[in-house]
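> Would you mind keeping the following structure in view while I ask a few things?
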Amino acid sequence: MASWAAVFVWTAVWPCALSVTRYSIEEEMERGSVVANLAADLGLELASLAQREVKLDIFTNKKYLDFNKKTGELYVVEKIDREYLCPAKPTSCFLKLDFIIESPLRIFNIELGITDINDNAPHFRRDRVELDVSESATPGERFSLPNAVDPDVGINTIKTYKLSASEHFTIEIQTGTDGTQYVDFVLTKSLDREENPAHNLILTAEDGGVPVRSGTANIIVRVQDTNDNPPRFDKPVYIINMTENTPIGTLVTKLNATDLDEGLNSEIVYSFTLYTSEKTQDVFALNSNTGEVTVKGTIDYEDMRIYEMHIEARDKGAHPLLGQCKMVVHVTDMNDNYPEITVQSVKNTVAENIPVGSVIALVGIDDRDSGGNGEVSLSLQDTMPFILNKSSDKPTHYELIVSEPLDREKVPEYVITLMVKDAGTPPLSDNETITVHLLDVNDNAPQFPQSFNKIRVMENNAPGALLSSLTAFDPDLHENQYLVYFILEKEIANTSMSMLFSINPENGNLYALKTFDYEIEKEFLFHIEARDSGSPPLSSNVTVHIIIVDQNDNAPVIVSPWRAQGSLVEEKIPRSTDKGSLVAKVIALDTDSVHNSRITYQFLQVTDASLFSLDQYNGEIRTMRMFSYKDPRHHRLIVVAKDNGEPALSATVTIKLSTVETAVKAYSDMTEMSLEYDIFSDINLYLVIGLGSVSFLLLITILVTIVLKCQNTKPSKSAPPSRNSVISERNSTIADSTLVSNDAYWYSLFLAETRKGKLVVRQPVPKGSRYIVSSIPRGTGQSETSGSAASTLQVGK
């Protein structure tokens, strides 16, 4: 701009003065609208303009116009808003620009006059106007309203104002020295807030353009209250019916006074007038703010039957106004006296064994009412072992007596509620509570949870081990509840139970005093007594069954074939023995229980496993085939007998088996005879020692004689027996040896008879003779047949 100014100054001194070209257009012309043919108006040729630099300089921040070099026209490129371009609203508005042509430089001054159109509607600076007008305002009072504005000029600006229809308000238009119009809001008629508290009006501003444009504003007139209305009650007289003894605080009624005013002028305060008596005011209360009348004191029909109250309602205006009413309360009589109970000579603590018919308390009843309201009756509230006995002398006196036996363990305390009721409508009642505590009497024996207790004890227990806790329960109290435990004495095999077991007298813990052996004693049966400390003491007992549980603590004992400690058992069998023949039978006994004493047999060592078999359950050794010439003559068999315990125990026996070519003679030429005597008698002991000595000498003599005789006897020349006869004789011998005379039989017989106090001996008898096994009872010399050996046996022919 500085460079153009210099040029403008330079051109200003040019001898030829510059002329100004003026145009006039309306605002808001559309883009592309032609303002004028600038080239023609300036006398410029289009041909020369096409070859020269042309520039349009507009003195504004927007490019509203442009020049077309081809047509020479000045046209609109952006709408022109007169109100924006000339905000101060002058009477004339111009847009100045320079048309510059280079080579040679020529500058043309152009002024474009912008004429106004009615493109803006009038509007108020506030579209909502609120006015507070007192209802006591007089007609003719004026109130100012805001003006409307219109950016247009001339005829297009604001022309007039209009107000919506109202009987209370109108407007007057005032014109200022500058031609500006002002609106006065004028009261034409007195206001009444109670009739219409608010007025809503519309003020309209119109311009003089074509078409006419307008703008509106809402005018809200709030009518301010004046205390011109006194409070008024719903009715002048209120009549209320109430019963006597109505509870304090009960609402009698709520007075309702209204005031058509507002604000403080409508706020009401209630109060009693001087015409209301003090006695009435002591019975009834009036809430000054809400008008609620409530019961303040006792309403008694016998004292006053009608209450009269005079009440006023006063507003809080600057000059308060008031209204009055009267309230009459009629009191209705009712059964308002409760019956009374008087308890005399009460026993609060009695023994639980108090006799039936005993008096617990004396009770009296009374009612101050008369007629049916004064008739009263007494009863027990709950069913209890007590009854009320009415006195014949005084109908209002009763005796509370025991009707059933009492039991402290079931009910330790009785809370007896006495109910008294009158015959009024509605009936009134009252109650009195008597608490009776029962003292304990020792009337309950101790009780065990179970009458029979079975206790299992593993044998080989440690002395002093706790076996069980036998606790009894006694529902009594104090010393009647303290229990002492002890074992009832009982002897088993001349042994007292107190030598075997011990019980803690305080808690009933049962202990073992010795180590038990299942093989000696298997069970104990005795009684334990629990006795309380009452007077007299009561007791009960429980049966205790101690079962000794077996442990596998005894190894099997091999009783057949019999042999001395650690020695071999030698057996001979014919070499011609058939397959399946019985060679030997191993029998072992175990003194443990059935489970632990279940024995199985097996070979620990055998010379030829294909020759012999062993039954694992009965211990029989049999041949699996016939002997051959390759088999050795001697065989060594080691048999182990194992029990079923955990861990298992065992015993072994070694059998040396020899095969012979001839038949074997009978294994046993012995007979068994049991001589019974009293083992534990001193005389018999001496007798046994003497007989033993004589028998020993006799046995040596017999052995020497036999040896000498055998040396003198010649061998028999008879023909050798056949194979069948040898086998038959051998089988007969084996059977006799196994079934009758074997060592297992002797051992089992020995165990059975010695437990009975008998002695078992073996005696040789002549071949071919018959015999029976007998025993001699203790204290006699007579023999009796043994049940275990009652059959007649044949021992050789």
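Residue numbers start at 1 in each chain; chains themselves are named A, B, ... in the order of the structure tokens; ligands are numbered from 1 in the order shown.
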Which residues come within 9 Å of segment 345-362 of chain A, counting only C-alpha atoms, excluding same-chain residues fewer than 6 positions away, as a list in words?
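Near segment 345-362 of chain A, the qualifying residues are Phe386, His397, Tyr398, Glu399, Leu400, Ile401, Val402, Ser403, Glu404, Pro405, Leu406, Asp407, Arg408, Pro412, Ile434, Thr435, Val436, His437, Leu438, Leu439, Asp440, Val441 and Asp443 of chain A.
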> With distances taken over only C-alpha atoms, which of A:Val153, A:Pro139, A:Thr332, A:Gln224 is nearest to Ser92 of chain A?
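Result for the nearest residue to Ser92 of chain A: A:Val153.
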> Can you tell me which residues surround segment 582-590 of chain A at a distance of at most 7 Å, considering only C-alpha atoms, apart from same-chain residues fewer than 2 positions away, and format the answer as a list in words?
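Answer for this query is Asn554, Ala555, Pro556, Val557, Ile558, Val559, Ser560, Pro561, Gly580, Asp592, Ser597, Gly619, Glu620, Ile621, Arg622, Thr623, Ala641 and Ala744 of chain A.
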> Excluding Met626 of chain A and any residue of its chain fewer than 6 positions from it, enumerate the residues within 8 Å of it, using only C-alpha atoms, and give them as a list in words.
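Non-adjacent residues within range: Ser576, Thr577, Asp578, Lys579 and Leu611 of chain A.
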> Find the residues around Leu604 of chain A up to 9 Å (only C-alpha atoms counted), leave out those fewer than 2 positions away in its own chain, and share them as JSON, numbers by chain.
{"A": [602, 606, 637, 638, 639, 640, 652]}
